[in-house]
$ cat model39.cif   # mmCIF, C-alpha atoms
data_target
loop_
_atom_site.label_atom_id
_atom_site.label_comp_id
_atom_site.auth_asym_id
_atom_site.auth_seq_id
_atom_site.Cartn_x
_atom_site.Cartn_y
_atom_site.Cartn_z
CA MET A 1 26.48 -34.92 0.02
CA ARG A 2 26.17 -38.01 2.22
CA SER A 3 22.61 -38.06 3.54
CA LEU A 4 21.43 -39.44 6.87
CA ILE A 5 19.71 -42.31 5.03
CA ALA A 6 22.93 -43.37 3.36
CA ALA A 7 24.78 -43.25 6.67
CA MET A 8 22.16 -45.52 8.23
CA ALA A 9 22.60 -48.14 5.48
CA VAL A 10 25.94 -49.52 6.68
CA THR A 11 26.36 -51.43 9.96
CA CYS A 12 24.37 -51.27 13.18
CA ALA A 13 27.16 -49.45 14.96
CA ALA A 14 27.46 -46.95 12.17
CA THR A 15 23.72 -46.46 12.29
CA VAL A 16 23.82 -45.48 15.96
CA ALA A 17 26.67 -43.08 15.31
CA ALA A 18 24.92 -41.50 12.35
CA GLN A 19 21.87 -40.72 14.46
CA THR A 20 23.93 -38.44 16.68
CA ARG A 21 26.01 -36.88 13.97
CA PRO A 22 24.82 -34.02 11.74
CA PRO A 23 24.78 -34.36 7.95
CA ALA A 24 28.09 -33.89 6.21
CA PRO A 25 28.29 -30.73 4.14
CA PRO A 26 28.42 -30.99 0.35
CA ALA A 27 31.75 -31.66 -1.27
CA PRO A 28 33.86 -28.53 -1.55
CA ALA A 29 32.83 -26.36 -4.45
CA PRO A 30 35.17 -26.37 -7.42
CA PRO A 31 37.28 -23.31 -8.02
CA PRO A 32 35.78 -20.77 -10.37
CA ALA A 33 36.12 -21.73 -14.21
CA ARG A 34 -4.13 -12.38 15.95
CA GLY A 35 -8.08 -11.80 16.11
CA SER A 36 -10.58 -10.55 13.56
CA VAL A 37 -9.57 -7.10 12.42
CA PRO A 38 -11.26 -5.11 9.67
CA VAL A 39 -8.95 -4.49 6.75
CA ASP A 40 -10.03 -0.90 6.37
CA ASN A 41 -12.22 1.23 8.63
CA LYS A 42 -10.64 4.68 8.52
CA ASP A 43 -14.00 6.45 8.68
CA ALA A 44 -14.68 4.84 12.08
CA VAL A 45 -11.78 6.64 13.84
CA THR A 46 -12.77 9.91 15.49
CA PRO A 47 -10.38 12.63 16.76
CA ALA A 48 -11.08 11.59 20.33
CA GLN A 49 -10.36 7.94 19.55
CA LEU A 50 -7.13 8.90 17.79
CA ALA A 51 -5.95 11.03 20.71
CA ALA A 52 -6.69 8.20 23.15
CA ALA A 53 -4.92 5.69 20.92
CA ILE A 54 -1.76 7.77 20.66
CA ASP A 55 -1.64 8.11 24.44
CA LYS A 56 -1.76 4.30 24.70
CA LEU A 57 1.13 3.71 22.32
CA GLY A 58 3.42 3.55 25.34
CA THR A 59 1.29 1.39 27.61
CA VAL A 60 2.90 -1.65 29.21
CA GLU A 61 0.31 -4.13 27.95
CA PHE A 62 1.36 -5.39 24.53
CA SER A 63 -2.17 -6.02 23.27
CA ASP A 64 -3.20 -2.47 24.21
CA ARG A 65 -0.21 -1.02 22.37
CA MET A 66 -1.03 -3.05 19.28
CA ALA A 67 -4.69 -2.00 19.37
CA ALA A 68 -3.65 1.65 19.74
CA ALA A 69 -1.29 1.39 16.77
CA ARG A 70 -3.98 -0.29 14.70
CA THR A 71 -6.46 2.50 15.44
CA THR A 72 -3.87 5.13 14.53
CA ARG A 73 -3.08 3.48 11.19
CA ARG A 74 -6.76 3.50 10.28
CA ALA A 75 -7.30 7.19 10.99
CA GLU A 76 -7.56 9.51 8.02
CA PRO A 77 -4.08 10.85 7.14
CA ALA A 78 -5.30 14.46 7.35
CA MET A 79 -6.12 13.81 10.99
CA ALA A 80 -3.47 11.26 11.94
CA VAL A 81 -0.35 12.96 10.57
CA PRO A 82 -0.70 16.25 12.52
CA ALA A 83 -1.50 14.30 15.69
CA LEU A 84 1.57 12.10 15.23
CA LEU A 85 3.79 15.08 14.46
CA LYS A 86 2.65 16.71 17.69
CA ALA A 87 3.23 13.51 19.66
CA VAL A 88 6.77 13.12 18.28
CA GLU A 89 7.59 16.69 19.22
CA SER A 90 6.08 17.05 22.66
CA HIS A 91 4.44 13.98 24.19
CA PRO A 92 5.66 13.55 27.80
CA ASP A 93 6.10 9.78 27.36
CA THR A 94 9.32 9.16 25.42
CA PHE A 95 8.16 5.71 24.31
CA VAL A 96 5.02 7.26 22.82
CA ARG A 97 7.24 9.69 20.92
CA PHE A 98 9.19 6.74 19.55
CA ARG A 99 6.11 4.76 18.49
CA ALA A 100 4.52 7.88 17.01
CA LEU A 101 7.59 8.42 14.84
CA VAL A 102 7.45 4.82 13.64
CA LEU A 103 3.76 5.10 12.76
CA LEU A 104 4.32 8.47 11.07
CA SER A 105 6.74 6.77 8.66
CA GLY A 106 3.90 4.64 7.32
CA PHE A 107 1.79 7.58 6.12
CA ASN A 108 4.28 8.71 3.44
CA ASP A 109 3.76 12.37 4.29
CA PRO A 110 6.37 14.85 2.91
CA ARG A 111 6.81 16.39 6.37
CA THR A 112 8.20 13.11 7.67
CA ARG A 113 11.65 13.66 6.14
CA ASP A 114 12.20 16.90 8.06
CA VAL A 115 11.09 15.28 11.31
CA MET A 116 13.44 12.35 10.72
CA ARG A 117 16.31 14.72 9.95
CA ALA A 118 15.70 16.60 13.20
CA SER A 119 15.53 13.28 15.10
CA LEU A 120 19.12 12.47 14.11
CA SER A 121 20.28 15.03 16.70
CA LEU A 122 17.90 14.15 19.55
CA PRO A 123 19.14 12.60 22.82
CA ASN A 124 16.41 9.92 22.66
CA ASP A 125 18.15 6.74 21.46
CA ARG A 126 14.99 5.21 20.05
CA LEU A 127 14.18 8.26 17.95
CA ARG A 128 17.69 8.34 16.50
CA ALA A 129 17.49 4.63 15.65
CA VAL A 130 14.22 5.20 13.78
CA ALA A 131 15.72 8.13 11.91
CA TYR A 132 18.79 6.13 10.89
CA THR A 133 16.60 3.32 9.57
CA TYR A 134 14.37 5.80 7.76
CA PHE A 135 17.34 7.23 5.86
CA GLU A 136 18.53 3.71 5.04
CA HIS A 137 15.33 3.19 3.06
CA ASN A 138 14.69 6.79 1.98
CA GLN A 139 17.92 7.94 0.41
CA ASP A 140 19.10 11.49 1.08
CA PRO A 141 22.82 12.08 0.37
CA THR A 142 22.75 15.31 2.37
CA VAL A 143 22.55 13.33 5.63
CA VAL A 144 25.71 11.31 4.93
CA PRO A 145 28.08 13.72 6.78
CA LYS A 146 25.77 13.53 9.80
CA LEU A 147 25.78 9.74 9.68
CA LEU A 148 29.56 9.55 9.35
CA GLY A 149 29.98 11.90 12.28
CA ALA A 150 27.71 9.75 14.44
CA LEU A 151 30.07 6.77 14.15
CA ALA A 152 32.29 8.38 16.78
CA THR A 153 29.50 8.74 19.34
CA GLU A 154 26.88 6.01 18.84
CA SER A 155 27.55 3.15 21.23
CA SER A 156 24.08 1.82 22.06
CA GLU A 157 23.65 -1.84 21.14
CA PHE A 158 20.37 -1.16 19.33
CA VAL A 159 21.25 2.24 17.82
CA ARG A 160 24.67 1.67 16.27
CA PRO A 161 23.55 -1.27 14.09
CA ALA A 162 20.83 0.98 12.64
CA LEU A 163 23.47 3.62 11.93
CA THR A 164 25.83 1.19 10.20
CA ARG A 165 23.00 -0.23 8.07
CA ALA A 166 22.10 3.30 7.04
CA LEU A 167 25.67 4.07 6.04
CA ALA A 168 26.00 0.79 4.14
CA SER A 169 23.07 1.87 1.98
CA TYR A 170 25.13 4.87 0.79
CA GLY A 171 27.94 2.71 -0.58
CA ALA A 172 28.32 4.82 -3.72
CA ASP A 173 29.80 7.63 -1.62
CA PRO A 174 33.65 7.45 -1.66
CA LYS A 175 33.97 8.55 1.97
CA VAL A 176 31.45 5.95 3.09
CA LYS A 177 33.40 3.25 1.25
CA GLU A 178 36.62 4.25 2.97
CA VAL A 179 35.16 4.46 6.46
CA MET A 180 32.96 1.36 6.31
CA ALA A 181 35.70 -0.90 4.96
CA GLY A 182 37.93 0.28 7.78
CA GLN A 183 35.29 -0.53 10.41
CA VAL A 184 35.16 -4.25 9.57
CA MET A 185 38.21 -5.08 11.67
CA LYS A 186 37.48 -2.64 14.52
CA GLY A 187 35.33 -2.55 17.63
CA GLN A 188 33.10 -4.97 19.50
CA ALA A 189 32.11 -8.23 17.86
CA TYR A 190 28.39 -7.45 18.19
CA PHE A 191 28.75 -4.21 16.23
CA ARG A 192 31.07 -5.80 13.67
CA SER A 193 28.53 -8.56 13.11
CA ALA A 194 25.80 -6.04 12.29
CA LEU A 195 28.19 -4.11 10.06
CA ILE A 196 29.28 -7.18 8.09
CA GLU A 197 25.66 -8.24 7.61
CA ALA A 198 24.77 -4.79 6.29
CA LEU A 199 27.74 -4.76 3.91
CA GLY A 200 26.58 -8.09 2.54
CA ASP A 201 23.00 -6.93 2.14
CA TYR A 202 24.14 -3.86 0.20
CA LYS A 203 26.66 -5.85 -1.88
CA ALA A 204 29.64 -3.81 -0.76
CA THR A 205 32.29 -5.05 -3.17
CA TYR A 206 34.64 -2.44 -1.75
CA ALA A 207 34.72 -4.35 1.56
CA VAL A 208 35.47 -7.83 0.21
CA ALA A 209 39.12 -7.76 1.34
CA PRO A 210 38.52 -7.10 5.06
CA ILE A 211 35.47 -9.37 5.14
CA THR A 212 37.60 -12.13 3.62
CA GLU A 213 40.12 -11.72 6.45
CA VAL A 214 37.32 -12.14 8.99
CA ALA A 215 36.08 -15.26 7.21
CA LYS A 216 39.45 -16.91 7.70
CA ILE A 217 39.11 -16.84 11.51
CA ASP A 218 37.00 -19.45 13.33
CA GLY A 219 34.22 -17.97 15.43
CA PRO A 220 30.79 -16.32 15.20
CA LEU A 221 32.03 -13.58 12.86
CA GLN A 222 33.18 -16.24 10.41
CA VAL A 223 29.52 -17.10 9.84
CA ASP A 224 28.60 -13.46 9.21
CA ALA A 225 31.56 -12.99 6.89
CA ALA A 226 30.87 -16.10 4.83
CA ILE A 227 27.23 -15.14 4.28
CA ALA A 228 28.24 -11.57 3.42
CA LEU A 229 30.71 -12.80 0.79
CA GLY A 230 27.95 -14.90 -0.74
CA LYS A 231 25.56 -11.96 -0.82
CA ILE A 232 28.15 -9.67 -2.38
CA GLY A 233 28.42 -12.20 -5.16
CA ASP A 234 32.08 -11.95 -6.16
CA LYS A 235 33.05 -15.43 -7.37
CA ALA A 236 36.66 -14.65 -6.50
CA SER A 237 35.55 -15.61 -2.96
CA LEU A 238 34.80 -19.18 -4.05
CA PRO A 239 38.25 -20.72 -3.39
CA LEU A 240 38.17 -19.37 0.18
CA LEU A 241 34.67 -20.73 0.77
CA ALA A 242 35.58 -24.10 -0.74
CA GLY A 243 38.53 -24.25 1.64
CA LEU A 244 36.28 -23.45 4.59
CA GLN A 245 34.12 -26.45 3.69
CA ARG A 246 37.16 -28.59 4.51
CA SER A 247 38.45 -26.70 7.54
CA ALA A 248 35.76 -24.59 9.25
CA PRO A 249 34.00 -25.78 12.43
CA ARG A 250 30.75 -27.70 12.12
CA GLU A 251 28.71 -24.68 13.26
CA SER A 252 30.10 -22.58 10.39
CA GLN A 253 29.30 -25.14 7.67
CA PRO A 254 25.68 -24.03 7.05
CA ALA A 255 26.82 -20.46 6.45
CA VAL A 256 29.53 -21.64 4.06
CA ALA A 257 27.03 -23.80 2.16
CA ALA A 258 24.58 -20.89 1.92
CA ALA A 259 27.33 -18.55 0.74
CA ILE A 260 28.41 -20.89 -2.07
CA CYS A 261 24.79 -21.25 -3.14
CA LEU A 262 24.45 -17.46 -3.18
CA LEU A 263 27.40 -17.41 -5.56
CA GLY A 264 25.38 -19.65 -7.87
CA VAL A 265 27.45 -22.81 -7.46
CA ASN A 266 25.90 -26.23 -6.75
CA CYS A 267 22.94 -24.48 -5.19
CA GLU A 268 20.55 -27.42 -5.12
CA SER A 269 22.94 -29.64 -3.19
CA HIS A 270 23.84 -26.89 -0.75
CA GLN A 271 20.21 -26.04 -0.09
CA ALA A 272 19.47 -29.74 0.41
CA TYR A 273 22.32 -29.89 2.94
CA LEU A 274 20.84 -26.95 4.84
CA THR A 275 17.44 -28.65 4.91
CA GLU A 276 18.85 -31.97 6.13
CA THR A 277 20.92 -30.19 8.77
CA LEU A 278 17.86 -28.31 9.98
CA LYS A 279 15.85 -31.54 10.21
CA PHE A 280 18.68 -33.27 12.07
CA SER A 281 19.16 -30.48 14.59
CA ILE A 282 15.41 -30.26 15.24
CA ALA A 283 15.24 -33.99 15.93
CA THR A 284 18.47 -34.31 17.92
CA ILE A 285 18.91 -32.67 21.32
CA GLY A 286 22.12 -30.71 21.81
CA PHE A 287 22.54 -29.13 18.38
CA GLN A 288 20.82 -25.80 18.95
CA GLU A 289 23.72 -23.78 17.55
CA LEU A 290 23.69 -25.87 14.39
CA LEU A 291 19.92 -25.41 14.17
CA ARG A 292 20.27 -21.64 14.32
CA ALA A 293 22.99 -21.74 11.69
CA SER A 294 20.99 -23.89 9.26
CA ALA A 295 17.82 -21.81 9.74
CA SER A 296 19.83 -18.65 9.17
CA GLY A 297 21.40 -20.15 6.06
CA LEU A 298 18.00 -21.00 4.59
CA ALA A 299 16.79 -17.50 5.49
CA SER A 300 19.66 -15.93 3.56
CA LEU A 301 18.71 -17.98 0.49
CA ALA A 302 15.07 -17.00 0.85
CA GLN A 303 16.02 -13.32 1.13
CA SER A 304 17.91 -13.67 -2.13
CA GLY A 305 14.72 -14.85 -3.84
CA ARG A 306 14.86 -18.65 -3.48
CA GLU A 307 11.28 -19.36 -2.52
CA ALA A 308 11.93 -23.04 -1.79
CA ALA A 309 14.15 -22.04 1.14
CA ALA A 310 11.30 -20.13 2.77
CA VAL A 311 8.98 -23.07 2.12
CA GLU A 312 11.40 -25.32 4.02
CA LEU A 313 11.46 -22.96 7.00
CA ILE A 314 7.66 -23.04 7.16
CA GLN A 315 7.36 -26.79 6.65
CA GLN A 316 10.05 -27.68 9.16
CA GLY A 317 9.12 -24.98 11.65
CA ALA A 318 5.36 -25.53 11.82
CA PRO A 319 5.38 -28.70 13.99
CA THR A 320 8.25 -27.66 16.27
CA ARG A 321 8.29 -26.40 19.84
CA ASP A 322 10.83 -24.26 21.65
CA PRO A 323 13.77 -24.08 21.77
CA ALA A 324 13.97 -25.24 18.15
CA ARG A 325 10.93 -23.24 17.13
CA ALA A 326 12.30 -19.85 18.21
CA ALA A 327 15.29 -20.00 15.86
CA ILE A 328 13.14 -20.93 12.87
CA VAL A 329 10.51 -18.32 13.71
CA LEU A 330 13.12 -15.56 13.86
CA ALA A 331 14.73 -16.70 10.61
CA LEU A 332 11.37 -16.62 8.82
CA GLY A 333 10.53 -13.23 10.32
CA THR A 334 13.78 -11.83 8.97
CA VAL A 335 12.86 -13.05 5.49
CA ALA A 336 9.49 -11.29 5.75
CA LEU A 337 11.13 -8.00 6.74
CA ARG A 338 13.99 -8.12 4.24
CA ASN A 339 12.12 -9.51 1.21
CA THR A 340 8.39 -9.02 1.69
CA PRO A 341 7.45 -9.82 -1.96
CA VAL A 342 9.05 -13.27 -1.69
CA MET A 343 7.21 -13.98 1.55
CA LEU A 344 3.87 -12.92 0.10
CA LYS A 345 4.44 -15.16 -2.91
CA VAL A 346 5.46 -18.16 -0.78
CA LEU A 347 2.33 -17.81 1.36
CA GLN A 348 0.24 -18.23 -1.80
CA SER A 349 1.70 -21.72 -2.31
CA PRO A 350 -0.52 -24.70 -1.39
CA GLY A 351 -0.46 -25.48 2.32
CA MET A 352 1.71 -22.51 3.28
CA LEU A 353 -0.77 -19.85 4.45
CA ASP A 354 -1.97 -21.01 7.86
CA ASN A 355 1.36 -22.30 9.13
CA GLY A 356 3.30 -19.43 7.60
CA VAL A 357 1.10 -16.73 9.09
CA ALA A 358 1.17 -18.44 12.50
CA LEU A 359 4.98 -18.49 12.45
CA LEU A 360 5.15 -14.87 11.34
CA ARG A 361 2.82 -13.83 14.14
CA GLU A 362 5.22 -15.36 16.64
CA ALA A 363 8.17 -13.75 14.88
CA PHE A 364 6.68 -10.28 15.05
CA ASP A 365 5.97 -10.77 18.74
CA MET A 366 9.64 -11.64 19.30
CA LEU A 367 11.42 -9.23 16.96
CA GLU A 368 12.31 -5.72 18.07
CA GLU A 369 12.34 -4.18 14.61
CA ASP A 370 9.55 -1.62 14.95
CA PHE A 371 10.40 0.44 11.87
CA GLU A 372 11.00 -2.60 9.66
CA GLU A 373 7.75 -4.16 10.85
CA GLU A 374 5.91 -0.95 9.99
CA ARG A 375 7.38 -1.09 6.48
CA PHE A 376 6.11 -4.67 6.22
CA PHE A 377 2.63 -3.61 7.31
CA VAL A 378 2.59 -0.81 4.74
CA ALA A 379 3.75 -3.17 1.99
CA VAL A 380 1.09 -5.76 2.84
CA ARG A 381 -1.73 -3.20 2.89
CA ARG A 382 -0.54 -1.80 -0.45
CA ALA A 383 -0.41 -5.32 -1.90
CA TYR A 384 -3.92 -5.98 -0.59
CA TRP A 385 -5.41 -3.06 -2.50
CA GLN A 386 -3.40 -3.81 -5.63
CA ALA A 387 -4.49 -7.46 -5.79
CA PRO A 388 -7.75 -8.35 -7.57
CA ALA A 389 -10.70 -9.15 -5.33
CA GLY A 390 -10.91 -12.87 -4.63
CA SER A 391 -7.34 -13.53 -5.75
CA PRO A 392 -4.86 -15.68 -3.76
CA ALA A 393 -2.66 -12.60 -3.32
CA ARG A 394 -5.45 -10.66 -1.67
CA ALA A 395 -6.37 -13.65 0.53
CA VAL A 396 -2.78 -13.82 1.80
CA CYS A 397 -2.70 -10.11 2.60
CA GLU A 398 -6.04 -10.26 4.36
CA ALA A 399 -4.89 -13.21 6.48
CA LEU A 400 -1.75 -11.33 7.50
CA ILE A 401 -3.69 -8.17 8.35
CA ARG A 402 -6.16 -10.08 10.50
CA GLN A 403 -3.80 -12.49 12.20
CA LEU A 404 -0.98 -10.01 12.82
CA GLU A 405 -3.63 -7.47 13.87
CA PHE A 406 -2.27 -4.43 12.13
#
$ encode --input "model39.cif" --output "structure tokens"
Amino acid sequence: MRSLIAAMAVTCAATVAAQTRPPAPPAPAPPPARGSVPVDNKDAVTPAQLAAAIDKLGTVEFSDRMAAARTTRRAEPAMAVPALLKAVESHPDTFVRFRALVLLSGFNDPRTRDVMRASLSLPNDRLRAVAYTYFEHNQDPTVVPKLLGALATESSEFVRPALTRALASYGADPKVKEVMAGQVMKGQAYFRSALIEALGDYKATYAVAPITEVAKIDGPLQVDAAIALGKIGDKASLPLLAGLQRSAPRESQPAVAAAICLLGVNCESHQAYLTETLKFSIATIGFQELLRASASGLASLAQSGREAAAVELIQQGAPTRDPARAAIVLALGTVALRNTPVMLKVLQSPGMLDNGVALLREAFDMLEEDFEEERFFVAVRRAYWQAPAGSPARAVCEALIRQLEF
């Protein structure tokens, strides 16, 4: 990979040109041979306080909603679960019903599954989206026919992606394989993007052929398809990806580099390319699309378990301002939601905690992933109690709980 420093070492004219040109990608891969919040104060929540908090889950003011959710989480389960079940069923504010269902998922009560199953048939889009995401993470093969049937009717831009992710998680089902592979080449680009991402996350080897066809076409879906092929991990995709390093547009190159790294080929050089590209696009005005692509590429590596990629996002993102900052913040937030253990481990590294938590706080303010954020909160609180007192792991969890105010 030709670095920016090497490009600047030639002539003066070449130096000027190099300063406005992003790093070249690696050589094509060879063919295969907020605030102070108590961590735990459940005893302090009274029935009256819980009832008032649930009513405020739908308030317009963000800080009030967060405080209400925090109070609800800290109520004793024997008191909170029945109150949340009632709110989901009959509260007059539909947004409160939605938030109550999200919070209910964090209590791990056996009644939750039946409520989620019933929510699959409700007219409230938000409740259905929560239910789809719940069954993505809480497998129940008996709901698969219901999920397959919903493909014909779900058209909301924030509900259908939840449905397709849920179905992708049931990839062992023959009917799901058939239907999902057929969906890759159909429908709106936005929905196809979410579908391809989900197929990659769930390593859908059965969908490699149609995803490969998408990867051959320049455009935004090419990025999604390349990353998905890398996540699936079939090294038969390597010749295609190596070819894309020679022919794909500049904005697709970070995804191609990340995909090849995910296949386990020349990973150090490809990750270095992503880091240099991120630095370049932060420093150089006019390369916002390349910045998003390089941040997303590093995020995909971090999700796969490469801690150094998450470290780079924190180190490069900490001193930035918008618009560059937003792309990095969202990339890091996605890592936290999709691979919480990796994020918790990275935040224990020297110099990572303060900047990392600050970036995650911004990410969680920006993201609209209520159910996934609730899963993150549950995982962090569980990790807090499992970590020895005074340990770095517990310190990280406590910082997240206090700064993210959950």
$ resolve_selection --input "model39.cif" --expression "the PyMOL selection byres ((chain A and resi 196) around 7)" --output "count of residues only"
12
$ closest_residue --input "model39.cif" --among "A:Met185, A:Ala299, A:Ala283, A:Cys267" --to "Pro319 of chain A" --atoms "only C-alpha atoms"
A:Ala283
$ resolve_selection --input "model39.cif" --expression "the PyMOL selection byres ((chain A and resi 274) around 10)" --output "PyMOL selection string"
chain A and resi 23+25-26+253-255+257-258+268-273+275-280+291+293-298+309+312
$ resolve_selection --input "model39.cif" --expression "the PyMOL selection byres ((chain A and resi 242) around 12)" --output "PyMOL selection string"
chain A and resi 25-32+215-216+226+230+235-241+243-248+253+255-261+263+265-266
$ closest_residue --input "model39.cif" --among "A:Phe107, A:Phe371, A:Phe376, A:Phe364" --to "Leu404 of chain A" --atoms "only C-alpha atoms"
A:Phe364
$ closest_residue --input "model39.cif" --among "A:Thr340, A:His137, A:Glu373, A:Gln315" --to "Ala358 of chain A" --atoms "all atoms listed in the file"
A:Gln315
$ residues_around --input "model39.cif" --residues "Val342 of chain A" --least-positions-apart "3" --cutoff "7 Å" --atoms "all atoms listed in the file" --output "ChimeraX atom specification"
/A:305,307,339,345-346
$ write_last_selection --input "model39.cif" --atoms "C-alpha atoms" --output "CSV table (one decimal), keeping the file's coordinate frame"
chain,number,residue,atom,x,y,z
A,305,GLY,CA,14.7,-14.8,-3.8
A,307,GLU,CA,11.3,-19.4,-2.5
A,339,ASN,CA,12.1,-9.5,1.2
A,345,LYS,CA,4.4,-15.2,-2.9
A,346,VAL,CA,5.5,-18.2,-0.8
$ closest_residue --input "model39.cif" --among "A:Val102, A:Leu50, A:Ala69, A:Ala87" --to "Glu369 of chain A" --atoms "only C-alpha atoms"
A:Val102
$ residues_near_point --input "model39.cif" --point "(17.5, 7.7, 3.2)" --cutoff "10 Å" --atoms "only C-alpha atoms" --output "PyMOL selection string"
chain A and resi 113+116-117+131-144+166-167+169-170
$ residues_near_point --input "model39.cif" --point "(-0.7, 11.5, 15.5)" --cutoff "12 Å" --atoms "only C-alpha atoms" --output "ChimeraX atom specification"
/A:47-57,68-69,71-91,96-107,112
$ closest_residue --input "model39.cif" --among "A:Ala389, A:Arg250, A:Leu290, A:Arg70" --to "Ala24 of chain A" --atoms "all atoms listed in the file"
A:Arg250
$ atom_distance --input "model39.cif" --atom1 "atom CA of Thr205 of chain A" --atom2 "atom CA of Val179 of chain A"
13.8 Å
$ atom_distance --input "model39.cif" --atom1 "atom CA of Leu367 of chain A" --atom2 "atom CA of Ala331 of chain A"
10.3 Å
$ atom_distance --input "model39.cif" --atom1 "atom CA of Thr164 of chain A" --atom2 "atom CA of Arg325 of chain A"
29.4 Å
$ closest_residue --input "model39.cif" --among "A:Ser281, A:Ser121, A:Ser252, A:Ser304" --to "Thr153 of chain A" --atoms "all atoms listed in the file"
A:Ser121
